[in-house]
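Heads up: the structure comes next, in structure tokens.
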Amino acid sequence: MINPLRGMKDTVGEFSKKYIFFIENCSRIAKNYGFSFIETPILEETALFKRSVGESSDIVGKEMYRFIDKGKNDVCMRPEGTAGAVRAFITQKYDRAGGVKRFFYHGSMFRYERPQKGRLRQFHQFGVETFGVEDVKEDAMIILMLKEIFDFFGIACKLQLNSLGCVTCMPTYKDNLIKFLDTIEGLCEDCIKRKATNPIRVLDCKNKNCNKLLENAPMLLENLCPTCKDDFSELKSILDEFGVVYSIDKKLVRGLDYYNKTAFEFISDNIGAKNAIAGGGRYDKLVEFLGGRSTAGVGFAIGIERIIDLIVMPKNKKNGYYIGAMSDNALKLVIKLVIKLRKSNVVHTQYISKSIKAHMKASDKAEAKYFICIGENELKSKTYVIKNLDTKEESVEHYHIL
Ligand SMILES: [Zn+2]
Ligand SMILES: [Zn+2]
């Protein structure tokens, strides 16, 4: 017997029902916001993720599914969705055309981590990316979209916000942070490495001792340039206006190197320790950094495995038809009727004749709303009965040739 690999699962049963319900409704909401579907390859050159996600990140440092293919290319299975979307944006020369592009995507991502609840090695994300809008109103808009998504699925969560500054204010802050870090001793091994490669990420450390050592560290939010300050105020006032509750998390820097200005996470108390269910922010330098013409970007991604248990499904309603044949002669007519009704309805059937009792049982199982059974009598009378299984009402339908 061959089992799936550790940390990888089949999409079946209850998960599958919720998954498709989630994807369909997220896609609908994203389209309402003017986003169109994009799909990028699962395999990309390793260099793409090294440059965009950053070599100092855990993802690139420890977790990538990386191998040399038969053509001797150094390739990786995508660990997240933004890098591929940006690469596609440049590949399609949208950066040269100018203007605004809004994409949504969903699919499998791969990270070689220790599997635990809500955390698989092959997992799924739904995300959006906007290119070409520098205005912070876009940041507000995608946060509103995320809120709408979580509200729709009945998921209670909290928004945490921060600003990561820009090319004007970030470098000075970084220098000050390094100066501060030089004065303290006892940081964890990871933080000592981060201090050299990406000191901002020291703030993000989950180590309790590091948190304590950083209590008096300078915070970027208190050292923003006037533009970043204004943008952050505008973002907050839009969220206030639309009743989105948030808290400021000055240490929210996200694990990825390319974010600037707005950074945010939605967290849920209902999913255990690592409680972020979605995250996003602005990445105005990434397109240029990957070789495109300078274009602003902002987006988010939702970890579907993290929220799947929190989704409140609508109560199952009876839906569609069940049509059964009670004789071999009737089967031909049943199949014709099935094909006709399937043009605009869900229709269940079986391709063998059975008793009405057996069909009724199958119809219950299929949760059909309407029940039709055709046998010799119906063939003779050229009529059949449609029974509404909700109201128990019956109506007689005449047919000539279907
Ligand atoms: Zn700034
Ligand atoms: Zn640390």
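Chain lettering (A, B, ...) mirrors the order of the structure tokens, residue numbering begins at 1 for each chain separately, and ligand numbering begins at 1 in order of display.
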
Residues within 6 Å of ligand 2, counting only C-alpha atoms and all ligand atoms, as a PyMOL selection string: chain A and resi 187-188+190-191+205+207+210

Per residue of chain A within 6 Å of ligand 1, record the nearest atom pair and its distance in Å to one decimal, counting only C-alpha atoms and all ligand atoms, with rows in chain order and ascending residue number, as JSON lines.
```
{"residue": "A:Gly165", "atom": "CA", "partner": "ligand 1", "partner_atom_place_in_ligand_line": "1 (Zn)", "distance": 4.3}
{"residue": "A:Cys166", "atom": "CA", "partner": "ligand 1", "partner_atom_place_in_ligand_line": "1 (Zn)", "distance": 3.9}
{"residue": "A:Thr168", "atom": "CA", "partner": "ligand 1", "partner_atom_place_in_ligand_line": "1 (Zn)", "distance": 4.9}
{"residue": "A:Cys169", "atom": "CA", "partner": "ligand 1", "partner_atom_place_in_ligand_line": "1 (Zn)", "distance": 4.3}
{"residue": "A:Leu224", "atom": "CA", "partner": "ligand 1", "partner_atom_place_in_ligand_line": "1 (Zn)", "distance": 5.3}
{"residue": "A:Cys225", "atom": "CA", "partner": "ligand 1", "partner_atom_place_in_ligand_line": "1 (Zn)", "distance": 4.2}
{"residue": "A:Thr227", "atom": "CA", "partner": "ligand 1", "partner_atom_place_in_ligand_line": "1 (Zn)", "distance": 5.8}
{"residue": "A:Cys228", "atom": "CA", "partner": "ligand 1", "partner_atom_place_in_ligand_line": "1 (Zn)", "distance": 4.3}
```

Picked from segment 140-356 of chain A by DSSP as strand (DSSP E), as a PyMOL selection string: chain A and resi 158-163+246-248+260-267+276-282+297-303+321-325+347-349

Once you have the residues from the selection above, write them out as a compact mmCIF listing (two decimals), in the first residue's frame, restricted to N, CA and C atoms.
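Written file, out_28.txt:
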```txt
# COMPACT_ATOMS: atom_id res chain seq x y z
N LYS A 158 -9.09 39.04 14.27
CA LYS A 158 -8.66 40.40 14.60
C LYS A 158 -7.60 40.85 13.61
N LEU A 159 -7.63 42.14 13.31
CA LEU A 159 -6.66 42.71 12.38
C LEU A 159 -5.54 43.38 13.16
N GLN A 160 -4.31 43.08 12.76
CA GLN A 160 -3.16 43.77 13.35
C GLN A 160 -2.42 44.51 12.25
N LEU A 161 -2.03 45.74 12.57
CA LEU A 161 -1.46 46.64 11.56
C LEU A 161 -0.10 47.15 11.98
N ASN A 162 0.71 47.42 10.95
CA ASN A 162 1.96 48.12 11.21
C ASN A 162 2.38 48.83 9.93
N SER A 163 3.32 49.74 10.03
CA SER A 163 3.93 50.29 8.83
C SER A 163 5.41 50.00 8.87
N TYR A 246 -9.05 47.21 14.55
CA TYR A 246 -7.66 46.77 14.39
C TYR A 246 -6.87 47.13 15.63
N SER A 247 -5.73 46.50 15.79
CA SER A 247 -4.80 46.98 16.80
C SER A 247 -3.45 47.14 16.13
N ILE A 248 -2.62 48.01 16.70
CA ILE A 248 -1.31 48.26 16.11
C ILE A 248 -0.32 47.28 16.74
N ASN A 260 7.09 46.83 2.32
CA ASN A 260 7.33 48.19 2.82
C ASN A 260 5.97 48.77 3.21
N LYS A 261 6.00 49.91 3.87
CA LYS A 261 4.75 50.56 4.32
C LYS A 261 3.78 49.58 4.98
N THR A 262 2.53 49.53 4.49
CA THR A 262 1.50 48.74 5.17
C THR A 262 1.88 47.26 5.32
N ALA A 263 1.81 46.77 6.56
CA ALA A 263 1.92 45.33 6.81
C ALA A 263 0.78 44.97 7.74
N PHE A 264 0.13 43.83 7.46
CA PHE A 264 -1.00 43.47 8.32
C PHE A 264 -1.16 41.96 8.42
N GLU A 265 -1.82 41.56 9.47
CA GLU A 265 -2.16 40.15 9.67
C GLU A 265 -3.54 40.06 10.28
N PHE A 266 -4.29 39.05 9.87
CA PHE A 266 -5.52 38.72 10.58
C PHE A 266 -5.20 37.52 11.45
N ILE A 267 -5.53 37.61 12.73
CA ILE A 267 -5.26 36.49 13.62
C ILE A 267 -6.57 35.98 14.23
N ALA A 276 -1.84 33.34 12.90
CA ALA A 276 -2.16 34.18 11.75
C ALA A 276 -2.93 33.35 10.72
N ILE A 277 -4.07 33.88 10.27
CA ILE A 277 -4.83 33.16 9.25
C ILE A 277 -4.70 33.82 7.88
N ALA A 278 -4.25 35.07 7.88
CA ALA A 278 -4.00 35.77 6.61
C ALA A 278 -3.01 36.88 6.88
N GLY A 279 -2.27 37.22 5.86
CA GLY A 279 -1.31 38.30 6.03
C GLY A 279 -1.07 38.98 4.70
N GLY A 280 -0.60 40.21 4.79
CA GLY A 280 -0.33 40.89 3.54
C GLY A 280 0.33 42.22 3.77
N GLY A 281 0.43 42.96 2.69
CA GLY A 281 1.03 44.28 2.81
C GLY A 281 1.55 44.76 1.47
N ARG A 282 2.31 45.82 1.54
CA ARG A 282 2.78 46.51 0.37
C ARG A 282 4.19 46.07 0.02
N GLY A 297 3.16 47.57 -5.55
CA GLY A 297 2.39 46.33 -5.38
C GLY A 297 1.87 46.21 -3.96
N VAL A 298 0.70 45.60 -3.86
CA VAL A 298 0.14 45.33 -2.52
C VAL A 298 -0.76 44.10 -2.63
N GLY A 299 -0.77 43.26 -1.59
CA GLY A 299 -1.59 42.06 -1.69
C GLY A 299 -1.74 41.36 -0.35
N PHE A 300 -2.46 40.25 -0.39
CA PHE A 300 -2.60 39.42 0.82
C PHE A 300 -2.73 37.96 0.42
N ALA A 301 -2.54 37.08 1.39
CA ALA A 301 -2.79 35.65 1.17
C ALA A 301 -3.45 35.07 2.42
N ILE A 302 -4.38 34.14 2.18
CA ILE A 302 -5.07 33.45 3.27
C ILE A 302 -4.58 32.00 3.28
N GLY A 303 -4.22 31.50 4.45
CA GLY A 303 -3.86 30.09 4.58
C GLY A 303 -5.12 29.26 4.77
N TYR A 321 -32.65 17.33 -8.59
CA TYR A 321 -33.57 16.23 -8.88
C TYR A 321 -32.94 14.88 -8.62
N TYR A 322 -33.78 13.92 -8.28
CA TYR A 322 -33.38 12.52 -8.37
C TYR A 322 -34.39 11.85 -9.32
N ILE A 323 -33.90 11.20 -10.34
CA ILE A 323 -34.79 10.55 -11.29
C ILE A 323 -34.41 9.08 -11.41
N GLY A 324 -35.38 8.20 -11.13
CA GLY A 324 -35.09 6.77 -11.15
C GLY A 324 -35.97 6.02 -12.14
N ALA A 325 -35.44 4.91 -12.65
CA ALA A 325 -36.22 4.06 -13.55
C ALA A 325 -36.63 2.79 -12.81
N VAL A 347 -28.76 16.93 -11.18
CA VAL A 347 -29.64 15.77 -11.34
C VAL A 347 -28.89 14.49 -10.99
N HIS A 348 -29.44 13.74 -10.04
CA HIS A 348 -28.87 12.44 -9.67
C HIS A 348 -29.70 11.33 -10.30
N THR A 349 -29.04 10.25 -10.67
CA THR A 349 -29.77 9.10 -11.21
C THR A 349 -28.93 7.84 -11.04
```

Hey, could you make a per-residue contact list for segment 262-381 of chain A against segment 12-36 of chain A with 12 Å as the cut-off, showing the nearest pair of atoms and its distance in Å to one decimal, counting only C-alpha atoms, sorted by chain and number, as a Markdown table?
```
| residue | atom | partner | partner_atom | distance |
| --- | --- | --- | --- | --- |
| A:Gly299 | CA | A:Phe35 | CA | 11.3 |
| A:Phe300 | CA | A:Ala30 | CA | 11.7 |
| A:Ala301 | CA | A:Cys26 | CA | 11.5 |
| A:Ile302 | CA | A:Cys26 | CA | 10.3 |
| A:Gly303 | CA | A:Phe22 | CA | 11.5 |
| A:Ile304 | CA | A:Tyr19 | CA | 7.8 |
| A:Glu305 | CA | A:Tyr19 | CA | 9.0 |
| A:Arg306 | CA | A:Tyr19 | CA | 11.7 |
| A:Ile307 | CA | A:Phe22 | CA | 9.9 |
| A:Ile308 | CA | A:Lys18 | CA | 6.8 |
| A:Asp309 | CA | A:Phe15 | CA | 8.4 |
| A:Leu310 | CA | A:Lys18 | CA | 10.0 |
| A:Ile311 | CA | A:Lys18 | CA | 7.3 |
| A:Val312 | CA | A:Lys18 | CA | 8.8 |
| A:Met313 | CA | A:Lys18 | CA | 7.2 |
| A:Pro314 | CA | A:Phe21 | CA | 9.8 |
| A:Asn316 | CA | A:Lys17 | CA | 11.2 |
```

Those residues you just picked out, can you put them in a file as a PDB file, in the first residue's frame with C-alpha atoms?
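Dumped everything to result_8.pdb:
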```
ATOM      1  CA  GLY A 299      -1.585  42.056  -1.688  1.00  0.00           C
ATOM      2  CA  PHE A 300      -2.598  39.417   0.816  1.00  0.00           C
ATOM      3  CA  ALA A 301      -2.787  35.649   1.174  1.00  0.00           C
ATOM      4  CA  ILE A 302      -5.066  33.447   3.267  1.00  0.00           C
ATOM      5  CA  GLY A 303      -3.858  30.086   4.584  1.00  0.00           C
ATOM      6  CA  ILE A 304      -6.806  27.862   3.765  1.00  0.00           C
ATOM      7  CA  GLU A 305      -5.832  24.934   6.060  1.00  0.00           C
ATOM      8  CA  ARG A 306      -5.646  27.412   8.952  1.00  0.00           C
ATOM      9  CA  ILE A 307      -9.229  28.575   8.552  1.00  0.00           C
ATOM     10  CA  ILE A 308     -11.000  25.534   7.143  1.00  0.00           C
ATOM     11  CA  ASP A 309     -12.263  24.366  10.561  1.00  0.00           C
ATOM     12  CA  LEU A 310     -13.574  27.864  11.312  1.00  0.00           C
ATOM     13  CA  ILE A 311     -15.769  28.058   8.200  1.00  0.00           C
ATOM     14  CA  VAL A 312     -19.467  28.016   9.029  1.00  0.00           C
ATOM     15  CA  MET A 313     -21.191  26.166   6.184  1.00  0.00           C
ATOM     16  CA  PRO A 314     -24.753  27.106   5.242  1.00  0.00           C
ATOM     17  CA  ASN A 316     -27.534  21.780   3.718  1.00  0.00           C
TER      18      ASN A 316
END
```

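For the pair atom CA of Phe110 of chain A and atom CA of Phe152 of chain A, the interatomic distance is 27.4 Å.
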
Nearest residue to Tyr105 of chain A from the set A:Asp10, A:Glu80, A:Glu376, A:Glu185 (distances using only C-alpha atoms): A:Glu80

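The residue set within 12 Å of Lys62 of chain A, counting only C-alpha atoms and dropping same-chain residues fewer than 2 places from it, reads Lys50, Gly54, Glu55, Ser56, Ser57, Asp58, Ile59, Val60, Met64, Tyr65, Arg66, Pro79, Arg111, Tyr112, Glu113 and Arg114 of chain A.
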
All alpha helix (DSSP H) residues (DSSP, backbone) inside segment 78-147 of chain A, as a count of residues only: 26

Per residue of segment 183-251 of chain A within 10 Å of segment 130-146 of chain A, which atom pair is closest and at what distance in Å (one decimal), using only C-alpha atoms, listed by chain and increasing number, as CSV?
```
residue,atom,partner,partner_atom,distance
A:Cys228,CA,A:Val136,CA,9.8
A:Asp230,CA,A:Val136,CA,9.7
A:Asp231,CA,A:Val136,CA,6.1
A:Phe232,CA,A:Val136,CA,7.9
A:Ser233,CA,A:Val136,CA,9.8
A:Glu234,CA,A:Val136,CA,7.3
A:Leu235,CA,A:Ala140,CA,5.8
A:Lys236,CA,A:Ala140,CA,8.2
A:Ser237,CA,A:Ala140,CA,9.4
A:Ile238,CA,A:Ala140,CA,6.6
A:Leu239,CA,A:Ala140,CA,6.7
A:Phe242,CA,A:Leu144,CA,8.2
A:Gly243,CA,A:Leu144,CA,9.7
A:Val244,CA,A:Leu144,CA,7.6
```
